[in-house]
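Listing of start_2.cif, mmCIF, C-alpha atoms
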```cif
data_protein
loop_
_atom_site.label_atom_id
_atom_site.label_comp_id
_atom_site.auth_asym_id
_atom_site.auth_seq_id
_atom_site.Cartn_x
_atom_site.Cartn_y
_atom_site.Cartn_z
CA MET A 30 -8.19 -4.07 13.64
CA HIS A 31 -7.02 -7.28 15.27
CA VAL A 32 -3.66 -8.16 13.73
CA ARG A 33 -1.58 -10.67 15.65
CA ASN A 34 0.47 -12.51 13.02
CA VAL A 35 2.19 -10.77 10.11
CA CYS A 36 4.02 -12.47 7.26
CA LEU A 37 6.82 -10.51 5.55
CA VAL A 38 7.38 -12.08 2.14
CA ILE A 39 10.68 -12.21 0.22
CA SER A 40 10.62 -13.27 -3.44
CA SER A 41 13.82 -14.96 -4.61
CA GLY A 42 13.30 -13.60 -8.12
CA ASP A 43 13.20 -9.97 -6.99
CA PRO A 44 16.53 -8.25 -6.20
CA ALA A 45 14.91 -5.49 -4.13
CA SER A 46 12.95 -8.04 -2.14
CA LEU A 47 16.16 -9.97 -1.39
CA ASN A 48 17.88 -6.71 -0.43
CA ILE A 49 15.15 -5.65 2.03
CA GLY A 50 14.69 -9.17 3.36
CA ARG A 51 18.39 -9.63 3.99
CA ARG A 52 18.42 -6.54 6.20
CA VAL A 53 15.29 -7.59 8.11
CA LEU A 54 16.89 -10.97 8.81
CA GLU A 55 20.14 -9.32 9.94
CA ILE A 56 18.32 -7.00 12.31
CA ALA A 57 15.60 -9.26 13.70
CA GLY A 58 15.87 -12.83 12.42
CA ARG A 59 13.32 -15.16 10.85
CA ARG A 60 10.75 -14.77 13.64
CA PHE A 61 10.43 -11.74 15.91
CA THR A 62 7.96 -9.61 17.82
CA CYS A 63 6.94 -6.01 17.08
CA GLY A 64 4.87 -4.76 19.98
CA ARG A 65 1.89 -7.15 20.14
CA ILE A 66 2.57 -8.62 16.69
CA GLU A 67 4.37 -11.87 15.89
CA VAL A 68 6.28 -11.59 12.61
CA LEU A 69 7.37 -14.40 10.28
CA VAL A 70 9.82 -13.70 7.44
CA LEU A 71 9.14 -16.10 4.57
CA ASN A 72 11.04 -16.78 1.33
CA ILE A 73 9.12 -17.84 -1.78
CA ASP A 74 10.31 -18.71 -5.29
CA LYS A 75 7.44 -17.18 -7.27
CA LEU A 76 6.93 -13.46 -7.77
CA HIS A 77 4.68 -11.85 -5.17
CA LEU A 78 1.90 -10.95 -7.58
CA HIS A 79 1.24 -14.62 -8.37
CA VAL A 80 0.40 -15.62 -4.77
CA LYS A 81 -3.18 -16.96 -4.68
CA SER A 82 -3.94 -16.89 -0.95
CA HIS A 83 -2.35 -15.91 2.34
CA GLU A 84 -2.82 -19.54 3.40
CA GLU A 85 -0.15 -20.70 0.96
CA LEU A 86 2.25 -18.38 2.77
CA SER A 87 1.27 -18.81 6.41
CA PRO A 88 -2.20 -20.08 7.44
CA GLU A 89 -2.07 -18.13 10.70
CA ALA A 90 -1.13 -14.82 9.05
CA ASP A 91 -3.74 -12.10 9.44
CA MET A 92 -1.68 -9.51 7.52
CA VAL A 93 0.80 -9.87 4.66
CA VAL A 94 3.54 -7.40 3.68
CA PHE A 95 5.35 -8.06 0.41
CA LEU A 96 8.93 -6.74 0.18
CA SER A 97 9.32 -5.73 -3.45
CA ARG A 98 10.87 -3.73 -6.24
CA HIS A 99 9.17 -0.83 -7.99
CA SER A 100 9.84 -0.06 -11.66
CA GLY A 101 8.68 2.49 -14.19
CA THR A 102 7.37 5.86 -13.08
CA PRO A 103 8.77 8.20 -11.82
CA GLY A 104 12.20 6.90 -12.90
CA PHE A 105 14.30 8.17 -9.98
CA PRO A 106 15.22 6.73 -6.55
CA ILE A 107 12.06 6.26 -4.51
CA ILE A 108 10.48 4.24 -1.71
CA THR A 109 6.81 3.41 -2.31
CA ALA A 110 3.89 1.56 -0.73
CA HIS A 111 0.45 0.46 -1.90
CA VAL A 112 -2.35 -2.07 -1.64
CA PRO A 113 -2.48 -4.78 -4.34
CA GLY A 114 -5.58 -5.66 -6.34
CA ASN A 115 -7.32 -4.93 -9.62
CA PHE A 116 -10.07 -2.46 -10.42
CA GLY A 117 -10.19 -3.85 -13.95
CA GLU A 118 -8.58 -6.81 -15.72
CA ALA A 119 -5.98 -8.94 -13.96
CA ARG A 120 -3.07 -8.28 -16.29
CA TYR A 121 -0.42 -8.74 -13.61
CA GLY A 122 -1.69 -11.32 -11.15
CA GLY A 123 -4.63 -11.37 -8.79
CA LEU A 124 -8.25 -11.60 -9.86
CA PRO A 125 -10.22 -9.29 -12.19
CA ARG A 126 -12.20 -6.64 -10.34
CA LYS A 127 -11.04 -7.78 -6.91
CA VAL A 128 -8.84 -5.77 -4.57
CA SER A 129 -6.99 -7.05 -1.52
CA VAL A 130 -8.00 -5.88 1.94
CA ALA A 131 -6.21 -2.59 2.67
CA PRO A 132 -4.30 -1.84 5.91
CA PRO A 133 -4.51 1.99 5.91
CA LEU A 134 -3.00 2.50 9.37
CA PHE A 135 0.06 0.40 8.52
CA LEU A 136 0.53 2.15 5.17
CA LYS A 137 0.39 5.58 6.79
CA ALA A 138 2.87 4.55 9.49
CA PHE A 139 5.23 3.07 6.89
CA ILE A 140 5.21 6.19 4.71
CA GLN A 141 5.84 8.40 7.74
CA GLU A 142 8.71 6.25 9.00
CA ALA A 143 10.23 5.96 5.52
CA LYS A 144 10.10 9.74 5.16
CA ILE A 145 12.10 10.15 8.37
CA LEU A 146 14.65 7.54 7.30
CA THR A 147 15.14 9.01 3.81
CA GLU A 148 15.98 12.52 5.03
CA GLY A 149 19.35 13.49 3.60
CA THR A 150 19.40 10.59 1.11
CA ARG A 151 18.71 10.47 -2.62
CA PHE A 152 15.40 8.66 -2.09
CA GLU A 153 11.94 10.20 -2.18
CA VAL A 154 8.85 8.60 -0.62
CA ALA A 155 5.45 8.12 -2.26
CA MET A 156 2.10 6.37 -1.96
CA GLU A 157 0.97 4.44 -5.02
CA PRO A 158 -2.55 3.53 -6.11
CA THR A 159 -4.03 0.06 -5.80
CA HIS A 160 -2.74 -2.01 -8.71
CA HIS A 161 -1.56 -5.51 -9.78
CA GLY A 162 -1.98 -8.79 -7.93
CA PRO A 163 -2.47 -10.55 -5.69
CA SER A 164 -6.07 -10.19 -4.51
CA LEU A 165 -5.95 -11.44 -0.92
CA ASP A 166 -8.62 -11.63 1.77
CA VAL A 167 -6.42 -10.36 4.62
CA PRO A 168 -4.87 -6.88 4.97
CA THR A 169 -2.05 -6.74 2.42
CA ALA A 170 0.59 -4.16 1.49
CA PHE A 171 3.55 -3.83 -0.85
CA VAL A 172 6.60 -1.86 0.31
CA GLU A 173 9.02 -1.17 -2.49
CA ILE A 174 12.36 0.18 -3.70
CA GLY A 175 12.40 1.94 -7.10
CA CYS A 176 13.09 2.36 -9.81
CA SER A 177 16.10 0.48 -11.31
CA GLU A 178 18.62 -2.27 -10.56
CA GLU A 179 20.95 0.30 -9.02
CA GLU A 180 18.37 1.24 -6.38
CA TRP A 181 16.95 -2.30 -5.96
CA THR A 182 20.32 -3.56 -4.75
CA ASP A 183 21.38 -0.44 -2.82
CA PRO A 184 22.09 -1.53 0.81
CA LEU A 185 20.90 1.86 2.10
CA ALA A 186 17.52 1.42 0.40
CA GLY A 187 17.20 -2.07 1.84
CA GLU A 188 17.92 -0.73 5.32
CA ILE A 189 15.43 2.15 4.95
CA VAL A 190 12.57 -0.13 3.96
CA ALA A 191 13.45 -2.83 6.51
CA LYS A 192 13.56 -0.35 9.38
CA ALA A 193 10.45 1.52 8.21
CA VAL A 194 8.49 -1.75 8.09
CA MET A 195 9.54 -2.78 11.58
CA ARG A 196 8.87 0.66 13.06
CA ALA A 197 5.45 0.78 11.37
CA LEU A 198 4.54 -2.69 12.63
CA LYS A 199 5.44 -1.65 16.15
CA ARG A 200 3.20 1.45 16.21
CA PHE A 201 0.33 1.21 13.71
CA LEU A 202 -2.18 -0.68 15.89
CA GLY A 203 -2.18 2.20 18.37
CA GLU A 204 -2.95 4.89 15.79
CA ASN A 205 -6.30 6.72 15.68
CA PHE A 206 -6.37 8.11 12.14
CA ARG A 207 -9.47 8.10 9.91
CA PRO A 208 -9.29 5.41 7.21
CA ALA A 209 -9.99 6.82 3.75
CA VAL A 210 -10.05 5.98 0.05
CA GLY A 211 -8.24 8.26 -2.40
CA ILE A 212 -9.82 8.91 -5.80
CA GLY A 213 -8.19 10.50 -8.84
CA GLY A 214 -4.80 11.68 -9.93
CA PRO A 215 -1.81 10.05 -11.65
CA HIS A 216 0.00 6.88 -10.59
CA ILE A 217 2.32 8.77 -8.25
CA ASN A 218 0.06 11.35 -6.61
CA HIS A 219 1.91 13.82 -4.40
CA HIS A 220 -1.36 15.00 -2.83
CA PHE A 221 -2.03 11.55 -1.41
CA THR A 222 1.56 11.17 -0.22
CA ARG A 223 1.23 14.48 1.64
CA ILE A 224 -2.05 13.32 3.17
CA GLN A 225 -0.28 10.24 4.54
CA LEU A 226 2.52 12.37 5.93
CA LEU A 227 0.65 15.38 7.30
CA SER A 228 -3.06 14.77 7.89
CA ASP A 229 -5.36 12.85 10.23
CA TYR A 230 -6.46 10.58 7.37
CA ALA A 231 -4.96 7.17 6.60
CA LEU A 232 -5.23 6.10 2.97
CA GLY A 233 -5.65 2.46 2.03
CA HIS A 234 -7.03 2.00 -1.46
CA ILE A 235 -6.29 4.72 -4.01
CA ILE A 236 -8.13 4.66 -7.33
CA ARG A 237 -6.04 6.46 -9.95
CA ASN A 238 -7.58 8.20 -12.97
CA TYR A 239 -6.43 5.35 -15.22
CA ASP A 240 -8.83 2.97 -13.43
CA LEU A 241 -11.81 5.27 -12.82
CA SER A 242 -13.62 4.37 -16.04
CA GLU A 243 -13.58 0.68 -14.94
CA VAL A 244 -15.16 1.38 -11.56
CA ASP A 245 -18.87 0.73 -11.02
CA LEU A 246 -20.88 0.92 -7.80
CA PRO A 247 -20.04 -2.58 -6.42
CA LEU A 248 -16.35 -2.13 -7.14
CA LEU A 249 -16.26 1.33 -5.60
CA ARG A 250 -18.07 0.05 -2.52
CA SER A 251 -15.48 -2.74 -2.20
CA ALA A 252 -12.68 -0.17 -1.91
CA PHE A 253 -14.33 1.11 1.28
CA MET A 254 -15.47 -2.25 2.66
CA ARG A 255 -12.24 -4.10 1.90
CA SER A 256 -10.27 -1.93 4.30
CA ASP A 257 -9.34 -2.78 7.87
CA PRO A 258 -10.43 -0.61 9.60
CA LYS A 259 -13.24 0.09 7.12
CA ALA A 260 -13.03 3.43 5.32
CA ASN A 261 -15.88 5.94 5.44
CA VAL A 262 -14.22 8.96 3.82
CA ALA A 263 -13.47 9.61 0.13
CA LEU A 264 -10.62 12.03 -0.56
CA LEU A 265 -11.02 13.40 -4.08
CA ASP A 266 -8.26 14.78 -6.26
CA TRP A 267 -11.10 16.65 -7.91
CA LYS A 268 -9.23 18.79 -10.43
CA SER A 269 -7.53 15.75 -11.94
CA ILE A 270 -10.73 13.75 -12.56
CA ARG A 271 -12.10 13.97 -16.10
CA SER A 272 -15.24 16.08 -16.35
CA SER A 273 -17.09 13.20 -18.01
CA LEU A 274 -16.55 11.04 -14.89
CA LYS A 275 -17.24 13.57 -12.14
CA ASP A 276 -21.02 13.13 -12.09
CA LYS A 277 -20.69 9.35 -12.16
CA ILE A 278 -18.25 9.31 -9.22
CA THR A 279 -20.32 11.82 -7.23
CA LEU A 280 -23.54 9.82 -7.64
CA MET A 281 -21.87 6.56 -6.66
CA LEU A 282 -20.33 8.09 -3.55
CA GLU A 283 -23.75 9.45 -2.55
CA GLU A 284 -25.20 5.95 -2.99
CA ILE A 285 -22.51 4.48 -0.72
CA SER A 286 -23.15 7.24 1.86
CA VAL A 287 -19.55 8.13 2.64
CA GLU A 288 -18.18 11.55 3.47
CA THR A 289 -16.47 13.22 0.50
CA ILE A 290 -13.69 15.78 0.85
CA LYS A 291 -11.53 17.41 -1.79
CA VAL A 292 -7.81 17.07 -1.18
CA LYS A 293 -7.27 20.82 -1.41
CA LYS A 294 -9.36 21.22 1.77
CA VAL A 295 -7.24 18.67 3.61
CA LEU A 296 -3.94 20.18 2.47
CA LYS A 297 -4.82 23.87 2.67
#
```
Hey, can you dump this file as structure tokens for me?
Amino acid sequence: MHVRNVCLVISSGDPASLNIGRRVLEIAGRRFTCGRIEVLVLNIDKLHLHVKSHEELSPEADMVVFLSRHSGTPGFPIITAHVPGNFGEARYGGLPRKVSVAPPLFLKAFIQEAKILTEGTRFEVAMEPTHHGPSLDVPTAFVEIGCSEEEWTDPLAGEIVAKAVMRALKRFLGENFRPAVGIGGPHINHHFTRIQLLSDYALGHIIRNYDLSEVDLPLLRSAFMRSDPKANVALLDWKSIRSSLKDKITLMLEEISVETIKVKKVLK
């Protein structure tokens, strides 16, 4: 992975994004360095999921991190992270059947740092599956505060995410974890969060059960190929996958020739 220029994106229409971004700017300013990485903090007026290309943000950016809110499940204070993109229709930005490039090492580092920073607070930490736009051609991540206005504007939450991002940017290029794709489970999957926190695997794309029926061989292959570094391991939440889909998923993974491991073996 050869990341040199990272763009942190603040959306003016997103209260959590403004909250996180304000703290990043207070700590580090509009431009700063994290290890070998040059970071630009950029404000945009549109919502993140409607960005079409990294070039409209910063042409020199080779990784994009969107500072964002999280809403809906699970309904309590939480810090989340995920890759954007669509395994099916593009209902919320991005392109149909196109996922962004995943940065698994950054995501793992962020979740680990956020876990440390949330100790003793009311916030939990979780990995999310790949969902919603945009569909970008550089490594892209969302880091989020959930799940309501109270949490979105909480200064402590803004500080947690801001510091976790900067700590992750400083260390992730030196990590030696195995990039992987997670398959199965609900939207918030505690197995995959534990894998990020405790194992030698780094998850980028996660395909939740909701999307599995949409996934064919080319789309599944893209989850492994559109990862930087590329993923060559599938971590299966096997018990959660519908019986009618298990043979289909198994055959496609054999065709792609990736190693397959059930999460219970990783977390035993």
Exercise for the section: To verify the selection step, state as a PyMOL selection string which residues the PyMOL selection byres ((chain A and resi 270) around 12) yields on this input. Expected result: chain A and resi 211-215+236-242+265-269+271-279+291
Problem - Expected answer as a VMD selection string: all residues with atoms within 9 Å of (13.3, -18.5, -2.7), all atoms listed in the file - result: chain A and resid 39 to 42 71 to 75
Handout entry: Target residues per the PyMOL selection byres ((chain A and resi 93) around 12), formatted as a PyMOL selection string
Key = chain A and resi 32-39+67-71+77+80+82-92+94-96+112-113+129-132+135+163-172+194+198
Kindly export the residues of the current selection with C-alpha atoms, as a short mmCIF file (atom, residue, chain, number, x, y, z; two decimals), in the coordinates of the input.
```cif
data_model
loop_
_atom_site.label_atom_id
_atom_site.label_comp_id
_atom_site.auth_asym_id
_atom_site.auth_seq_id
_atom_site.Cartn_x
_atom_site.Cartn_y
_atom_site.Cartn_z
CA VAL A 32 -3.66 -8.16 13.73
CA ARG A 33 -1.58 -10.67 15.65
CA ASN A 34 0.47 -12.51 13.02
CA VAL A 35 2.19 -10.77 10.11
CA CYS A 36 4.02 -12.47 7.26
CA LEU A 37 6.82 -10.51 5.55
CA VAL A 38 7.38 -12.08 2.14
CA ILE A 39 10.68 -12.21 0.22
CA GLU A 67 4.37 -11.87 15.89
CA VAL A 68 6.28 -11.59 12.61
CA LEU A 69 7.37 -14.40 10.28
CA VAL A 70 9.82 -13.70 7.44
CA LEU A 71 9.14 -16.10 4.57
CA HIS A 77 4.68 -11.85 -5.17
CA VAL A 80 0.40 -15.62 -4.77
CA SER A 82 -3.94 -16.89 -0.95
CA HIS A 83 -2.35 -15.91 2.34
CA GLU A 84 -2.82 -19.54 3.40
CA GLU A 85 -0.15 -20.70 0.96
CA LEU A 86 2.25 -18.38 2.77
CA SER A 87 1.27 -18.81 6.41
CA PRO A 88 -2.20 -20.08 7.44
CA GLU A 89 -2.07 -18.13 10.70
CA ALA A 90 -1.13 -14.82 9.05
CA ASP A 91 -3.74 -12.10 9.44
CA MET A 92 -1.68 -9.51 7.52
CA VAL A 94 3.54 -7.40 3.68
CA PHE A 95 5.35 -8.06 0.41
CA LEU A 96 8.93 -6.74 0.18
CA VAL A 112 -2.35 -2.07 -1.64
CA PRO A 113 -2.48 -4.78 -4.34
CA SER A 129 -6.99 -7.05 -1.52
CA VAL A 130 -8.00 -5.88 1.94
CA ALA A 131 -6.21 -2.59 2.67
CA PRO A 132 -4.30 -1.84 5.91
CA PHE A 135 0.06 0.40 8.52
CA PRO A 163 -2.47 -10.55 -5.69
CA SER A 164 -6.07 -10.19 -4.51
CA LEU A 165 -5.95 -11.44 -0.92
CA ASP A 166 -8.62 -11.63 1.77
CA VAL A 167 -6.42 -10.36 4.62
CA PRO A 168 -4.87 -6.88 4.97
CA THR A 169 -2.05 -6.74 2.42
CA ALA A 170 0.59 -4.16 1.49
CA PHE A 171 3.55 -3.83 -0.85
CA VAL A 172 6.60 -1.86 0.31
CA VAL A 194 8.49 -1.75 8.09
CA LEU A 198 4.54 -2.69 12.63
#
```
Practice task
Quick one: pull the distance between atom CA of A:Met30 and atom CA of A:Tyr230, Å, one decimal.
Solution key: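 Atom CA of A:Met30 sits 16.0 Å away from atom CA of A:Tyr230.
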Problem - Selected residue of minimal separation from A:Glu283 among A:Gly123, A:Val262, A:Val244, A:Lys297, counting only C-alpha atoms - result: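 Among A:Gly123, A:Val262, A:Val244, A:Lys297, it is A:Val262 that comes nearest to A:Glu283.
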Exercise for the section: Could you check how far atom CA of A:Glu179 sits from atom CA of A:Leu146, in Å to one decimal? Expected result: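 Going from atom CA of A:Glu179 over to atom CA of A:Leu146 covers 18.9 Å.
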Completion exercise
From atom CA of A:Glu180 to atom CA of A:Ile107 the spacing works out at 8.3 Å
Which residues would end up in the selection if the PyMOL selection byres ((chain A and resi 259) around 12) were applied here, given that I need the answer as a PDB file with C-alpha atoms, in the frame of the given file?
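And here is the file that came out, out26.pdb:
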```pdb
ATOM      1  CA  MET A  30      -8.190  -4.070  13.640  1.00  0.00           C
ATOM      2  CA  VAL A 130      -8.000  -5.880   1.940  1.00  0.00           C
ATOM      3  CA  ALA A 131      -6.210  -2.590   2.670  1.00  0.00           C
ATOM      4  CA  PRO A 132      -4.300  -1.840   5.910  1.00  0.00           C
ATOM      5  CA  PRO A 133      -4.510   1.990   5.910  1.00  0.00           C
ATOM      6  CA  LEU A 134      -3.000   2.500   9.370  1.00  0.00           C
ATOM      7  CA  PRO A 168      -4.870  -6.880   4.970  1.00  0.00           C
ATOM      8  CA  PHE A 206      -6.370   8.110  12.140  1.00  0.00           C
ATOM      9  CA  ARG A 207      -9.470   8.100   9.910  1.00  0.00           C
ATOM     10  CA  PRO A 208      -9.290   5.410   7.210  1.00  0.00           C
ATOM     11  CA  ALA A 209      -9.990   6.820   3.750  1.00  0.00           C
ATOM     12  CA  VAL A 210     -10.050   5.980   0.050  1.00  0.00           C
ATOM     13  CA  ALA A 231      -4.960   7.170   6.600  1.00  0.00           C
ATOM     14  CA  LEU A 232      -5.230   6.100   2.970  1.00  0.00           C
ATOM     15  CA  GLY A 233      -5.650   2.460   2.030  1.00  0.00           C
ATOM     16  CA  HIS A 234      -7.030   2.000  -1.460  1.00  0.00           C
ATOM     17  CA  ARG A 250     -18.070   0.050  -2.520  1.00  0.00           C
ATOM     18  CA  SER A 251     -15.480  -2.740  -2.200  1.00  0.00           C
ATOM     19  CA  ALA A 252     -12.680  -0.170  -1.910  1.00  0.00           C
ATOM     20  CA  PHE A 253     -14.330   1.110   1.280  1.00  0.00           C
ATOM     21  CA  MET A 254     -15.470  -2.250   2.660  1.00  0.00           C
ATOM     22  CA  ARG A 255     -12.240  -4.100   1.900  1.00  0.00           C
ATOM     23  CA  SER A 256     -10.270  -1.930   4.300  1.00  0.00           C
ATOM     24  CA  ASP A 257      -9.340  -2.780   7.870  1.00  0.00           C
ATOM     25  CA  PRO A 258     -10.430  -0.610   9.600  1.00  0.00           C
ATOM     26  CA  ALA A 260     -13.030   3.430   5.320  1.00  0.00           C
ATOM     27  CA  ASN A 261     -15.880   5.940   5.440  1.00  0.00           C
ATOM     28  CA  VAL A 262     -14.220   8.960   3.820  1.00  0.00           C
ATOM     29  CA  ALA A 263     -13.470   9.610   0.130  1.00  0.00           C
ATOM     30  CA  VAL A 287     -19.550   8.130   2.640  1.00  0.00           C
TER      31      VAL A 287
END
```
Practice task
Identify which of the residues A:Ala186, A:Met281, A:Leu248, A:Met156 lies closest to A:Leu136, counting all atoms listed in the file when measuring atom-to-atom distances.
Solution key: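 Comparing A:Ala186, A:Met281, A:Leu248, A:Met156 against A:Leu136, the winner is A:Met156.
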Centre and edge lengths of an axis-aligned box around all listed atoms of stretch 207-222 of chain A, with 8 Å added on each side, are to be given in Å to one decimal, as lines of an AutoDock Vina configuration file.
```
center_x = -3.9
center_y = 10.2
center_z = -0.9
size_x = 28.4
size_y = 25.6
size_z = 37.6
```
Repaired coordinates for stretch 121-139 of chain A (N, CA and C atoms) as a PDB file, in the frame of the given file:
```
ATOM      1  N   TYR A 121      -1.650  -8.408 -14.329  1.00  0.00           N
ATOM      2  CA  TYR A 121      -0.420  -8.740 -13.610  1.00  0.00           C
ATOM      3  C   TYR A 121      -0.757  -9.394 -12.274  1.00  0.00           C
ATOM      4  N   GLY A 122      -1.371 -10.568 -12.351  1.00  0.00           N
ATOM      5  CA  GLY A 122      -1.690 -11.320 -11.150  1.00  0.00           C
ATOM      6  C   GLY A 122      -2.975 -10.886 -10.488  1.00  0.00           C
ATOM      7  N   GLY A 123      -3.383 -11.669  -9.487  1.00  0.00           N
ATOM      8  CA  GLY A 123      -4.630 -11.370  -8.790  1.00  0.00           C
ATOM      9  C   GLY A 123      -5.836 -11.775  -9.614  1.00  0.00           C
ATOM     10  N   LEU A 124      -6.986 -11.282  -9.203  1.00  0.00           N
ATOM     11  CA  LEU A 124      -8.250 -11.600  -9.860  1.00  0.00           C
ATOM     12  C   LEU A 124      -8.846 -10.335 -10.478  1.00  0.00           C
ATOM     13  N   PRO A 125      -9.573 -10.462 -11.599  1.00  0.00           N
ATOM     14  CA  PRO A 125     -10.220  -9.290 -12.190  1.00  0.00           C
ATOM     15  C   PRO A 125     -11.229  -8.684 -11.217  1.00  0.00           C
ATOM     16  N   ARG A 126     -11.207  -7.372 -11.115  1.00  0.00           N
ATOM     17  CA  ARG A 126     -12.200  -6.640 -10.340  1.00  0.00           C
ATOM     18  C   ARG A 126     -12.251  -7.091  -8.879  1.00  0.00           C
ATOM     19  N   LYS A 127     -11.107  -7.459  -8.335  1.00  0.00           N
ATOM     20  CA  LYS A 127     -11.040  -7.780  -6.910  1.00  0.00           C
ATOM     21  C   LYS A 127      -9.781  -7.171  -6.313  1.00  0.00           C
ATOM     22  N   VAL A 128      -9.966  -6.390  -5.252  1.00  0.00           N
ATOM     23  CA  VAL A 128      -8.840  -5.770  -4.570  1.00  0.00           C
ATOM     24  C   VAL A 128      -8.577  -6.500  -3.261  1.00  0.00           C
ATOM     25  N   SER A 129      -7.323  -6.503  -2.829  1.00  0.00           N
ATOM     26  CA  SER A 129      -6.990  -7.050  -1.520  1.00  0.00           C
ATOM     27  C   SER A 129      -7.589  -6.167  -0.425  1.00  0.00           C
ATOM     28  N   VAL A 130      -7.607  -6.683   0.786  1.00  0.00           N
ATOM     29  CA  VAL A 130      -8.000  -5.880   1.940  1.00  0.00           C
ATOM     30  C   VAL A 130      -6.874  -4.898   2.253  1.00  0.00           C
ATOM     31  N   ALA A 131      -7.214  -3.636   2.415  1.00  0.00           N
ATOM     32  CA  ALA A 131      -6.210  -2.590   2.670  1.00  0.00           C
ATOM     33  C   ALA A 131      -5.922  -2.451   4.160  1.00  0.00           C
ATOM     34  N   PRO A 132      -4.653  -2.196   4.530  1.00  0.00           N
ATOM     35  CA  PRO A 132      -4.300  -1.840   5.910  1.00  0.00           C
ATOM     36  C   PRO A 132      -3.891  -0.367   6.004  1.00  0.00           C
ATOM     37  N   PRO A 133      -4.850   0.569   6.003  1.00  0.00           N
ATOM     38  CA  PRO A 133      -4.510   1.990   5.910  1.00  0.00           C
ATOM     39  C   PRO A 133      -3.621   2.506   7.041  1.00  0.00           C
ATOM     40  N   LEU A 134      -3.810   1.999   8.253  1.00  0.00           N
ATOM     41  CA  LEU A 134      -3.000   2.500   9.370  1.00  0.00           C
ATOM     42  C   LEU A 134      -1.544   2.072   9.224  1.00  0.00           C
ATOM     43  N   PHE A 135      -1.311   0.850   8.756  1.00  0.00           N
ATOM     44  CA  PHE A 135       0.060   0.400   8.520  1.00  0.00           C
ATOM     45  C   PHE A 135       0.701   1.211   7.392  1.00  0.00           C
ATOM     46  N   LEU A 136      -0.030   1.406   6.300  1.00  0.00           N
ATOM     47  CA  LEU A 136       0.530   2.150   5.170  1.00  0.00           C
ATOM     48  C   LEU A 136       0.930   3.564   5.569  1.00  0.00           C
ATOM     49  N   LYS A 137       0.077   4.218   6.341  1.00  0.00           N
ATOM     50  CA  LYS A 137       0.390   5.580   6.790  1.00  0.00           C
ATOM     51  C   LYS A 137       1.643   5.574   7.661  1.00  0.00           C
ATOM     52  N   ALA A 138       1.707   4.634   8.607  1.00  0.00           N
ATOM     53  CA  ALA A 138       2.870   4.550   9.490  1.00  0.00           C
ATOM     54  C   ALA A 138       4.140   4.268   8.701  1.00  0.00           C
ATOM     55  N   PHE A 139       4.048   3.378   7.706  1.00  0.00           N
ATOM     56  CA  PHE A 139       5.230   3.070   6.890  1.00  0.00           C
ATOM     57  C   PHE A 139       5.722   4.294   6.136  1.00  0.00           C
TER      58      PHE A 139
END
```
